[in-house]
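Here's run.txt, which has compact mmCIF, C-alpha atoms:
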# COMPACT_ATOMS: atom_id res chain seq x y z
CA MET A 298 79.38 101.13 -141.21
CA ARG A 299 79.84 100.25 -144.85
CA VAL A 300 79.85 96.62 -146.00
CA ASN A 301 81.27 95.48 -149.32
CA VAL A 302 80.09 92.07 -150.36
CA THR A 303 79.65 90.04 -153.52
CA VAL A 304 75.99 89.06 -153.84
CA ASN A 305 74.87 86.72 -156.59
CA GLY A 306 78.05 87.46 -158.50
CA GLU A 307 77.72 91.25 -158.27
CA GLN A 308 79.88 93.54 -156.17
CA ARG A 309 77.51 95.35 -153.79
CA GLN A 310 77.91 98.03 -151.19
CA ALA A 311 75.62 98.67 -148.23
CA ASP A 312 75.87 101.89 -146.26
CA ASP A 313 74.68 102.85 -142.76
CA VAL A 314 74.70 99.22 -141.73
CA TRP A 315 74.16 98.91 -137.97
CA GLU A 316 77.06 96.94 -136.44
CA GLY A 317 74.69 94.51 -134.74
CA GLU A 318 72.47 93.79 -137.70
CA SER A 319 72.23 90.47 -139.46
CA LEU A 320 73.20 89.57 -143.00
CA LEU A 321 69.51 88.76 -143.51
CA PHE A 322 68.43 92.30 -142.62
CA MET A 323 71.10 93.77 -144.87
CA LEU A 324 70.07 91.59 -147.81
CA ARG A 325 66.35 92.29 -147.45
CA GLU A 326 66.25 95.90 -146.30
CA ARG A 327 69.39 97.45 -147.76
CA LEU A 328 70.18 95.43 -150.88
CA GLY A 329 66.62 94.87 -152.12
CA LEU A 330 66.73 91.07 -151.99
CA PRO A 331 63.59 89.94 -150.15
CA GLY A 332 63.83 86.31 -151.34
CA SER A 333 65.43 85.10 -148.13
CA LYS A 334 62.66 85.14 -145.56
CA ASN A 335 62.70 86.52 -142.06
CA ALA A 336 60.78 84.33 -139.64
CA CYS A 337 62.34 83.10 -136.41
CA GLU A 338 65.55 85.17 -136.26
CA GLN A 339 67.16 82.42 -134.20
CA GLY A 340 68.22 79.79 -136.72
CA GLU A 341 65.31 77.47 -135.97
CA CYS A 342 63.37 77.68 -139.23
CA GLY A 343 65.89 77.83 -142.08
CA SER A 344 63.75 80.28 -144.10
CA CYS A 345 66.71 82.65 -144.47
CA THR A 346 69.18 80.04 -145.73
CA VAL A 347 71.75 81.51 -148.15
CA TYR A 348 75.17 80.44 -149.34
CA LEU A 349 78.03 82.26 -147.63
CA ASP A 350 81.23 81.42 -149.50
CA ASP A 351 79.43 78.35 -150.94
CA VAL A 352 78.30 77.04 -147.54
CA PRO A 353 74.60 77.20 -146.60
CA VAL A 354 73.99 79.22 -143.45
CA CYS A 355 71.13 80.97 -141.70
CA ALA A 356 71.55 84.58 -142.79
CA CYS A 357 69.86 85.73 -139.58
CA LEU A 358 72.79 84.33 -137.58
CA VAL A 359 75.55 85.97 -139.60
CA ALA A 360 76.47 89.51 -138.59
CA ALA A 361 76.33 91.76 -141.65
CA GLY A 362 79.91 92.82 -140.98
CA GLN A 363 81.06 89.21 -141.14
CA ALA A 364 80.05 89.16 -144.82
CA GLN A 365 82.59 91.90 -145.67
CA ASP A 366 84.68 90.81 -148.69
CA ARG A 367 82.83 87.49 -148.82
CA SER A 368 80.52 86.02 -151.39
CA VAL A 369 76.80 85.48 -150.79
CA ARG A 370 74.39 83.61 -153.03
CA THR A 371 70.70 83.96 -152.29
CA VAL A 372 67.67 82.21 -153.76
CA GLU A 373 67.50 85.07 -156.28
CA GLY A 374 70.89 83.94 -157.58
CA LEU A 375 69.92 80.35 -158.41
CA ALA A 376 67.91 80.95 -161.59
CA ASP A 377 69.74 81.67 -164.83
CA GLY A 378 67.85 84.68 -166.16
CA ASP A 379 64.30 83.52 -166.81
CA SER A 380 65.08 79.84 -166.60
CA LEU A 381 64.66 78.38 -163.15
CA ASP A 382 67.17 76.13 -161.47
CA PRO A 383 66.17 72.42 -161.68
CA VAL A 384 65.50 72.45 -157.93
CA GLN A 385 63.09 75.38 -158.32
CA GLU A 386 61.38 73.67 -161.30
CA ALA A 387 60.96 70.50 -159.28
CA PHE A 388 59.42 72.37 -156.32
CA VAL A 389 56.82 73.89 -158.65
CA GLU A 390 56.05 70.63 -160.44
CA ALA A 391 55.86 68.46 -157.34
CA GLY A 392 53.48 70.84 -155.56
CA ALA A 393 56.05 71.45 -152.85
CA VAL A 394 55.03 75.10 -152.55
CA GLN A 395 51.94 76.14 -150.65
CA CYS A 396 52.19 79.46 -148.83
CA GLY A 397 55.77 79.70 -150.12
CA PHE A 398 57.34 81.27 -147.08
CA CYS A 399 59.74 78.41 -146.33
CA THR A 400 60.43 77.72 -150.01
CA PRO A 401 63.49 79.95 -150.58
CA GLY A 402 65.34 78.39 -147.66
CA LEU A 403 64.38 74.87 -148.65
CA VAL A 404 65.39 75.47 -152.26
CA VAL A 405 68.85 76.74 -151.28
CA GLN A 406 69.37 73.91 -148.80
CA ALA A 407 68.21 71.26 -151.31
CA HIS A 408 70.41 72.88 -153.98
CA ASP A 409 73.43 72.44 -151.72
CA LEU A 410 72.50 68.84 -150.90
CA LEU A 411 72.31 67.89 -154.58
CA ASP A 412 75.63 69.61 -155.27
CA ARG A 413 77.27 67.48 -152.60
CA VAL A 414 75.22 64.28 -152.93
CA PRO A 415 73.80 63.90 -156.46
CA ASN A 416 71.63 60.89 -155.59
CA PRO A 417 70.66 61.27 -151.95
CA SER A 418 68.81 58.57 -150.03
CA ASP A 419 65.62 59.53 -148.19
CA PRO A 420 67.40 59.69 -144.83
CA GLU A 421 70.03 61.95 -146.40
CA ILE A 422 67.33 64.27 -147.74
CA ARG A 423 65.57 64.37 -144.38
CA GLU A 424 68.80 65.07 -142.55
CA ALA A 425 69.77 67.84 -144.98
CA LEU A 426 66.39 69.53 -144.60
CA ALA A 427 66.08 68.99 -140.85
CA GLY A 428 66.73 72.67 -140.16
CA ASN A 429 64.01 73.95 -142.51
CA LEU A 430 60.48 74.16 -141.17
CA CYS A 431 57.38 74.05 -143.38
CA ARG A 432 53.98 74.43 -141.72
CA CYS A 433 51.85 73.77 -144.83
CA THR A 434 52.94 70.79 -146.83
CA GLY A 435 53.68 68.04 -144.35
CA TYR A 436 57.04 67.72 -146.16
CA GLU A 437 56.03 64.80 -148.41
CA LYS A 438 55.79 66.97 -151.52
CA ILE A 439 59.08 68.60 -150.61
CA LEU A 440 60.77 65.19 -150.47
CA ASP A 441 59.14 64.41 -153.85
CA ALA A 442 60.59 67.64 -155.25
CA VAL A 443 64.11 66.86 -154.09
CA ARG A 444 63.91 63.32 -155.51
CA LEU A 445 62.59 64.76 -158.80
CA ALA A 446 65.36 67.34 -158.98
CA ALA A 447 67.95 64.64 -158.25
CA SER A 448 66.59 62.43 -161.03
CA ARG A 449 67.02 65.26 -163.55
CA ARG A 450 70.52 66.34 -162.77
CA MET B 274 78.37 99.70 -131.36
CA ASP B 275 81.75 98.97 -132.92
CA PHE B 276 82.50 96.12 -135.27
CA LEU B 277 86.09 94.94 -134.80
CA ARG B 278 87.56 92.78 -137.52
CA PRO B 279 91.02 91.43 -136.65
CA GLU B 280 92.87 89.42 -139.30
CA THR B 281 95.28 87.66 -136.91
CA LEU B 282 95.11 86.22 -133.42
CA ALA B 283 97.71 88.69 -132.17
CA GLU B 284 95.58 91.55 -133.44
CA ALA B 285 92.48 90.03 -131.84
CA LEU B 286 94.22 89.75 -128.47
CA GLU B 287 95.36 93.39 -128.66
CA LEU B 288 91.80 94.44 -129.43
CA LYS B 289 90.34 92.32 -126.62
CA ALA B 290 92.86 93.82 -124.19
CA SER B 291 91.93 97.37 -125.12
CA ARG B 292 88.22 96.57 -125.46
CA PRO B 293 87.34 93.96 -122.82
CA ASP B 294 83.68 94.89 -123.34
CA ALA B 295 83.80 93.53 -126.92
CA VAL B 296 81.79 90.35 -127.39
CA PRO B 297 83.59 87.76 -129.52
CA ILE B 298 81.52 86.39 -132.39
CA ALA B 299 82.42 83.36 -134.51
CA GLY B 300 79.57 81.29 -135.99
CA GLY B 301 77.08 83.71 -134.48
CA THR B 302 74.60 80.96 -133.64
CA ASP B 303 74.28 82.18 -130.02
CA VAL B 304 75.46 85.80 -130.18
CA MET B 305 73.22 86.81 -133.09
CA VAL B 306 70.12 85.38 -131.43
CA GLU B 307 70.77 87.67 -128.46
CA LEU B 308 71.27 90.65 -130.77
CA ASN B 309 68.24 89.88 -132.93
CA TYR B 310 66.03 89.69 -129.85
CA ASP B 311 67.64 92.72 -128.23
CA HIS B 312 68.61 90.68 -125.20
CA ARG B 313 72.08 92.05 -125.43
CA ARG B 314 73.54 95.27 -126.79
CA PRO B 315 77.33 94.97 -126.44
CA ALA B 316 79.56 97.99 -126.92
CA ALA B 317 81.42 96.11 -129.62
CA LEU B 318 81.50 92.86 -131.59
CA LEU B 319 84.85 91.18 -132.13
CA ASP B 320 84.58 89.10 -135.31
CA LEU B 321 86.86 86.06 -135.11
CA THR B 322 85.95 84.49 -138.45
CA ARG B 323 88.79 86.11 -140.41
CA ILE B 324 91.51 84.58 -138.24
CA ALA B 325 92.86 81.59 -140.16
CA GLU B 326 94.79 80.12 -137.21
CA LEU B 327 91.54 79.59 -135.24
CA ARG B 328 90.11 77.48 -138.04
CA GLU B 329 92.87 74.87 -138.14
CA TRP B 330 93.35 71.60 -136.30
CA THR B 331 96.64 69.80 -135.88
CA PRO B 332 97.31 66.13 -135.13
CA GLY B 333 97.82 65.23 -131.55
CA LEU B 334 95.21 66.90 -131.18
CA ARG B 335 94.75 70.65 -131.06
CA VAL B 336 91.43 71.80 -132.48
CA GLY B 337 91.17 75.53 -133.22
CA ALA B 338 88.29 77.23 -131.45
CA GLY B 339 86.85 78.33 -134.80
CA VAL B 340 86.66 74.91 -136.48
CA PRO B 341 82.96 74.46 -137.29
CA TYR B 342 81.06 71.37 -136.18
CA VAL B 343 80.68 70.15 -139.75
CA ARG B 344 84.46 69.80 -140.05
CA ILE B 345 84.75 67.97 -136.73
CA ILE B 346 82.16 65.52 -138.05
CA ASP B 347 83.77 65.16 -141.49
CA GLU B 348 87.46 65.23 -140.53
CA LEU B 349 87.82 64.10 -136.93
CA GLY B 350 85.26 61.31 -136.48
CA ALA B 351 87.93 58.60 -136.23
CA GLU B 352 90.16 60.37 -133.71
CA LEU B 353 87.49 62.11 -131.67
CA PRO B 354 84.39 59.90 -131.98
CA GLY B 355 82.69 61.33 -128.89
CA LEU B 356 83.12 64.93 -130.00
CA ALA B 357 81.94 64.06 -133.51
CA MET B 358 78.85 62.31 -132.12
CA ALA B 359 77.96 65.32 -130.00
CA SER B 360 78.63 67.64 -132.95
CA ARG B 361 76.18 65.66 -135.09
CA THR B 362 73.40 66.46 -132.62
CA VAL B 363 73.96 70.22 -132.74
CA GLY B 364 71.16 72.21 -134.37
CA SER B 365 70.77 71.65 -138.11
CA PRO B 366 73.15 71.44 -141.07
CA GLN B 367 73.11 75.24 -141.39
CA ILE B 368 73.97 75.61 -137.69
CA ARG B 369 76.72 72.97 -137.87
CA ASN B 370 78.21 74.81 -140.87
CA ARG B 371 78.74 77.86 -138.65
CA GLY B 372 78.77 76.84 -134.99
CA THR B 373 82.08 76.07 -133.26
CA VAL B 374 83.32 74.31 -130.13
CA GLY B 375 84.93 77.61 -129.15
CA GLY B 376 81.51 79.20 -129.25
CA ASN B 377 80.02 76.39 -127.20
CA LEU B 378 82.71 77.05 -124.57
CA GLY B 379 82.28 80.81 -124.76
CA ALA B 380 78.53 80.58 -124.18
CA ALA B 381 79.11 77.97 -121.44
CA SER B 382 75.45 77.03 -121.42
CA PRO B 383 74.80 74.06 -119.13
CA ALA B 384 73.01 72.53 -122.14
CA GLY B 385 75.89 72.95 -124.63
CA ASP B 386 76.25 69.70 -126.54
CA THR B 387 80.01 69.31 -126.55
CA HIS B 388 80.62 69.96 -122.84
CA PRO B 389 79.96 66.43 -121.51
CA VAL B 390 82.33 65.01 -124.12
CA LEU B 391 85.06 67.52 -123.29
CA LEU B 392 84.72 66.63 -119.60
CA ALA B 393 84.57 62.86 -120.10
CA SER B 394 87.56 62.93 -122.46
CA GLY B 395 89.77 65.14 -120.31
CA ALA B 396 89.96 68.04 -122.74
CA VAL B 397 92.11 71.07 -121.95
CA ILE B 398 91.01 74.51 -123.08
CA GLU B 399 93.70 76.85 -124.42
CA VAL B 400 92.89 80.50 -123.73
CA ALA B 401 95.08 83.48 -124.55
CA SER B 402 95.50 87.16 -123.90
CA VAL B 403 98.27 89.67 -124.44
CA ARG B 404 99.50 88.51 -121.00
CA GLY B 405 100.09 84.99 -122.25
CA THR B 406 98.46 81.59 -122.66
CA ARG B 407 96.61 79.53 -120.06
CA MET B 408 95.74 75.85 -120.32
CA ILE B 409 92.51 75.18 -118.40
CA PRO B 410 91.25 71.63 -117.87
CA ALA B 411 87.60 71.33 -118.94
CA ALA B 412 86.75 70.31 -115.37
CA ASP B 413 87.87 73.78 -114.18
CA PHE B 414 86.39 75.75 -117.04
CA TYR B 415 82.67 75.85 -116.25
CA LEU B 416 81.99 78.07 -113.24
CA GLY B 417 78.24 78.62 -113.30
CA VAL B 418 75.21 79.01 -115.54
CA LYS B 419 76.67 80.58 -118.71
CA ARG B 420 79.82 81.52 -116.79
CA ASN B 421 83.29 80.26 -117.64
CA ALA B 422 86.84 80.76 -116.41
CA LEU B 423 87.77 83.39 -119.03
CA GLU B 424 89.18 86.72 -117.89
CA PRO B 425 87.74 89.80 -119.67
CA ASP B 426 90.83 90.17 -121.87
CA GLU B 427 91.06 86.50 -122.84
CA LEU B 428 89.89 84.61 -125.92
CA ILE B 429 89.35 80.89 -126.38
CA VAL B 430 91.97 79.74 -128.86
CA ALA B 431 91.81 75.94 -129.04
CA VAL B 432 90.74 72.69 -127.43
CA HIS B 433 93.37 70.04 -126.74
CA LEU B 434 92.11 66.48 -126.84
CA ALA B 435 94.09 63.27 -127.15
CA PRO B 436 92.88 60.96 -129.92
CA ALA B 437 90.49 58.42 -128.39
CA LYS B 438 92.27 55.53 -126.66
CA GLY B 439 89.07 53.54 -126.30
CA PRO B 440 85.35 53.58 -127.05
CA GLN B 441 83.46 56.85 -126.61
CA GLN B 442 79.73 57.45 -126.65
CA PHE B 443 77.38 60.40 -126.40
CA SER B 444 73.65 60.52 -125.89
CA LYS B 445 71.15 63.35 -125.77
CA VAL B 446 67.45 63.55 -125.01
CA GLY B 447 65.21 65.99 -126.88
CA THR B 448 61.82 66.22 -128.51
CA ARG B 449 63.16 65.57 -132.00
CA ASN B 450 66.49 64.77 -133.64
CA ALA B 451 67.23 68.19 -135.12
CA MET B 452 67.18 71.68 -133.64
CA VAL B 453 67.01 70.51 -130.06
CA ILE B 454 68.46 72.05 -126.95
CA ALA B 455 69.29 69.06 -124.78
CA VAL B 456 66.77 68.13 -122.10
CA CYS B 457 69.76 66.32 -120.73
CA SER B 458 72.84 64.67 -122.20
CA PHE B 459 75.57 62.25 -121.25
CA ALA B 460 79.04 61.30 -122.45
CA ILE B 461 81.27 58.37 -121.61
CA SER B 462 84.91 57.71 -122.54
CA LEU B 463 86.72 54.46 -121.75
CA PHE B 464 90.49 54.44 -121.29
CA PRO B 465 91.23 50.67 -121.22
CA GLU B 466 95.02 51.03 -120.98
CA GLU B 467 94.71 53.23 -117.93
CA ASN B 468 91.82 51.33 -116.29
CA ARG B 469 89.97 54.60 -116.29
CA VAL B 470 86.51 55.87 -117.17
CA GLY B 471 85.31 59.39 -117.97
CA ALA B 472 81.64 60.22 -117.51
CA ALA B 473 79.85 63.58 -117.55
CA VAL B 474 76.32 64.97 -117.64
CA GLY B 475 74.95 67.98 -119.50
CA SER B 476 71.85 70.11 -119.03
CA ALA B 477 71.28 68.58 -115.60
CA ALA B 478 73.06 70.98 -113.22
CA PRO B 479 74.11 74.67 -113.21
CA THR B 480 77.16 73.59 -115.19
CA PRO B 481 78.08 70.54 -117.21
CA ARG B 482 79.76 68.26 -114.69
CA ARG B 483 81.66 65.02 -114.30
CA ALA B 484 80.09 62.09 -112.46
CA HIS B 485 83.12 61.25 -110.30
CA GLN B 486 81.57 58.47 -108.21
CA ALA B 487 80.16 56.82 -111.30
CA GLU B 488 83.59 56.98 -112.95
CA GLU B 489 85.32 55.41 -109.95
CA PHE B 490 82.71 52.71 -109.48
CA LEU B 491 82.92 51.68 -113.12
CA ALA B 492 86.72 51.71 -113.24
CA SER B 493 86.78 49.27 -110.33
CA ALA B 494 83.88 47.12 -111.61
CA LEU B 495 85.21 46.65 -115.14
CA ASP B 496 87.99 44.24 -116.06
CA PHE B 497 89.69 45.95 -118.97
CA SER B 498 92.41 43.30 -119.27
CA ALA B 499 89.92 40.48 -119.93
CA PRO B 500 86.60 42.09 -120.89
CA LYS B 501 83.54 39.92 -120.32
CA PRO B 502 79.90 40.72 -121.03
CA LEU B 503 78.59 43.36 -118.66
CA LEU B 504 76.51 42.40 -115.65
CA ASP B 505 73.13 44.14 -115.47
CA SER B 506 73.89 45.03 -111.88
CA VAL B 507 76.96 47.01 -113.00
CA LYS B 508 74.98 48.90 -115.63
CA ARG B 509 72.23 49.67 -113.10
CA GLU B 510 74.60 50.90 -110.43
CA PHE B 511 76.48 53.03 -112.95
CA GLY B 512 73.23 54.59 -114.15
CA GLU B 513 72.19 55.27 -110.59
CA LEU B 514 75.48 56.98 -109.73
CA VAL B 515 75.36 59.11 -112.89
CA SER B 516 71.84 60.17 -111.99
CA GLN B 517 72.98 61.08 -108.47
CA ALA B 518 75.75 63.28 -109.86
CA ALA B 519 73.17 65.58 -111.42
CA SER B 520 71.25 68.34 -109.70
CA PRO B 521 68.70 69.30 -112.32
CA ILE B 522 65.82 71.74 -112.13
CA ASP B 523 62.27 71.72 -113.47
CA ASP B 524 62.06 73.96 -116.54
CA VAL B 525 60.25 74.27 -119.87
CA ARG B 526 62.27 71.48 -121.43
CA GLY B 527 61.70 68.86 -118.73
CA SER B 528 61.29 68.11 -115.06
CA ALA B 529 64.13 67.39 -112.69
CA ALA B 530 62.70 63.92 -112.01
CA TYR B 531 62.57 63.12 -115.72
CA ARG B 532 66.13 64.31 -116.23
CA LYS B 533 67.36 62.11 -113.38
CA HIS B 534 65.55 59.12 -114.86
CA ALA B 535 66.74 59.80 -118.40
CA LEU B 536 70.36 60.20 -117.29
CA ALA B 537 70.32 56.75 -115.69
CA VAL B 538 68.90 55.28 -118.89
CA MET B 539 71.44 57.07 -121.11
CA ALA B 540 74.31 56.03 -118.84
CA ARG B 541 73.28 52.35 -118.97
CA ARG B 542 72.80 52.40 -122.74
CA THR B 543 75.96 54.26 -123.66
CA LEU B 544 77.97 52.02 -121.35
CA GLY B 545 76.46 49.02 -123.11
CA TRP B 546 77.40 50.39 -126.53
CA ALA B 547 80.91 51.36 -125.47
CA TRP B 548 81.57 48.03 -123.76
CA GLN B 549 80.24 46.11 -126.76
CA GLU B 550 82.68 48.01 -128.96
CA LEU B 551 85.48 46.93 -126.66
CA LEU B 552 84.32 43.28 -126.72
CA ASP B 553 84.04 43.33 -130.52
CA GLY B 554 87.55 44.76 -130.71
CA GLU B 555 88.88 41.96 -128.47
CA GLN B 556 87.28 39.34 -130.68
CA GLN B 557 88.88 40.81 -133.77
CA CYS B 558 92.27 40.69 -132.07
CA ALA B 559 91.86 37.07 -130.93
Let me see the file written as structure tokens.
Amino acid sequence: MRVNVTVNGEQRQADDVWEGESLLFMLRERLGLPGSKNACEQGECGSCTVYLDDVPVCACLVAAGQAQDRSVRTVEGLADGDSLDPVQEAFVEAGAVQCGFCTPGLVVQAHDLLDRVPNPSDPEIREALAGNLCRCTGYEKILDAVRLAASRR
Amino acid sequence: MDFLRPETLAEALELKASRPDAVPIAGGTDVMVELNYDHRRPAALLDLTRIAELREWTPGLRVGAGVPYVRIIDELGAELPGLAMASRTVGSPQIRNRGTVGGNLGAASPAGDTHPVLLASGAVIEVASVRGTRMIPAADFYLGVKRNALEPDELIVAVHLAPAKGPQQFSKVGTRNAMVIAVCSFAISLFPEENRVGAAVGSAAPTPRRAHQAEEFLASALDFSAPKPLLDSVKREFGELVSQAASPIDDVRGSAAYRKHALAVMARRTLGWAWQELLDGEQQCA
């Protein structure tokens, strides 16, 4: 089937989409956006987190066809040209990136948190990021990054 | 595979009638896992997310099957505290942004988080087909492991739940706070004006189920008209009866013996919290 969807502000069209495939697969394999990562395919890890109509979701749990006529924003859509989003800057500066696999999902989820709660408490940060797994950092640097990004907004 | 995309409920019911093999998909948090892992290859998917009437709730209370958990938490915490508590324990923020009570009911997993609350609170499930609408009490809805009372041409439309008339509590055991399938869970609802108690267990039997004997014991042991601090013996007996209502198995998430033990503990604790809320309320009135 064909899926028409707005991705990062651009009208896109994907053809030959299998009816059972996920939004994540369509983004990565058909629309050339490999930023969202494919790890658990069951919503456990958060690595594929994207905005769907401004709400963060696991792209692996959205059927590609459900994105028809909707708006998706991926990690590729956060930076403004060459200048990174403050959340991305903070992740780099705080050393919150090691292998980097979980980073796109964490960045999108943290971005949403700071949009909703500009000065989150530590429990609020932990709760917001509870669905994003990182196996490298031990999370402390990630919490530092979110606090840093919050302080700059 | 076909991808069916109705815009209205009427259209969805027509499609489901002509294609009973179509699997309804809303938040996708269960259905997509099965597709991603090739555990299921349905002939068609019936996307319910474009149907506005499923995503509304109305006072009284009728909650559309497609209202995501995050909105139950944000908008209905005061009227449906038990359902909001259970919704807070579902998955992660991303999952709660998508997952719905309708989906919980459709999957009918014995471990579904909202089931004990729906049972303890006397929820009624509204299902529909082109043949008409049926109102199914939650107690009659769960038929077996991942089996519910839906006919092949029916869709879950809404959940009817009266606003809480007394304290409600929910408790769930798992290895961490987020992203946990319940090892076991428990919900209690007090109905002081009716001298009645609702109590139900999750993830501790082939279906979620009410603890009838525990409900009856507690209703007779409690004095709702002049609440006094709870006797330990009442809490213990209640916990014991809740535990006896379960028939759990040993599986990867926990042993049957542990589940029985944990249910008794959760029943005692949630009763304590609920009763304390009632006592605090009495003091404020006095």
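Pairwise distance (atom CA of Asn377 of chain B, atom CA of Arg483 of chain B) equals 17.3 Å.
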Using only C-alpha atoms, what table do you get, as a tab-separated table, when you list each residue of segment 352-444 of chain B with an atom no more than 12 Å from segment 323-340 of chain A, its nearest pair of atoms, and their distance in Å rounded to one decimal, rows by chain then rising number?
residue	atom	partner	partner_atom	distance
B:Val363	CA	A:Gly340	CA	11.8
B:Gly364	CA	A:Gly340	CA	8.5
B:Ser365	CA	A:Gly340	CA	8.6
B:Pro366	CA	A:Gly340	CA	10.6
B:Gln367	CA	A:Gly340	CA	8.2
B:Ile368	CA	A:Gly340	CA	7.2
B:Arg369	CA	A:Gly340	CA	11.0
B:Asn370	CA	A:Gly340	CA	11.9
B:Arg371	CA	A:Gly340	CA	10.9
B:Gly372	CA	A:Gly340	CA	11.1
Put those residues in a file: C-alpha atoms, as a tab-separated table (two decimals), keeping the file's coordinate frame.
chain	number	residue	atom	x	y	z
B	363	VAL	CA	73.96	70.22	-132.74
B	364	GLY	CA	71.16	72.21	-134.37
B	365	SER	CA	70.77	71.65	-138.11
B	366	PRO	CA	73.15	71.44	-141.07
B	367	GLN	CA	73.11	75.24	-141.39
B	368	ILE	CA	73.97	75.61	-137.69
B	369	ARG	CA	76.72	72.97	-137.87
B	370	ASN	CA	78.21	74.81	-140.87
B	371	ARG	CA	78.74	77.86	-138.65
B	372	GLY	CA	78.77	76.84	-134.99
TODO: Report as number ranges by chain the set of chain A residues whose atoms approach chain B to within 9 Å, with distances computed over all atoms listed in the file.
DONE: A: 298, 315-319, 338-341, 343, 346, 352-355, 357-360, 362-363, 406, 424-429
Open item on the list: Which residues are close to Glu421 of chain A, i.e. within 12 Å by all atoms listed in the file, leaving aside same-chain residues fewer than 6 positions away? Reply as an NGL selection string.
Closed with: (:A and (407 or 410-411 or 413-415 or 427 or 440 or 443-444)) or (:B and (366))
Open item on the list: Taking (82.4, 42.0, -118.4) in the coordinates of the supplied file, I want to know which residues reach to within 12 Å of it, counting all atoms listed in the file; could you give the answer as a PyMOL selection string?
Closed with: chain B and resi 491-508+544-545+547-549+551-552+555
Task: Point-to-point distance in Å for atom CA of Gln486 of chain B and atom CA of Glu513 of chain B - done: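 The value is 10.2 Å.
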Please provide the set of residues having any atom within 6 Å of Glu352 of chain B, restricted to all atoms listed in the file, with same-chain residues fewer than 2 positions apart removed, written as an mmCIF file with C-alpha atoms, in the coordinates of the input.
data_model
loop_
_atom_site.group_PDB
_atom_site.id
_atom_site.type_symbol
_atom_site.label_atom_id
_atom_site.label_comp_id
_atom_site.auth_asym_id
_atom_site.auth_seq_id
_atom_site.Cartn_x
_atom_site.Cartn_y
_atom_site.Cartn_z
ATOM 1 C CA LEU B 349 87.820 64.100 -136.930
ATOM 2 C CA GLY B 350 85.260 61.310 -136.480
ATOM 3 C CA PRO B 436 92.880 60.960 -129.920
ATOM 4 C CA ALA B 437 90.490 58.420 -128.390
#
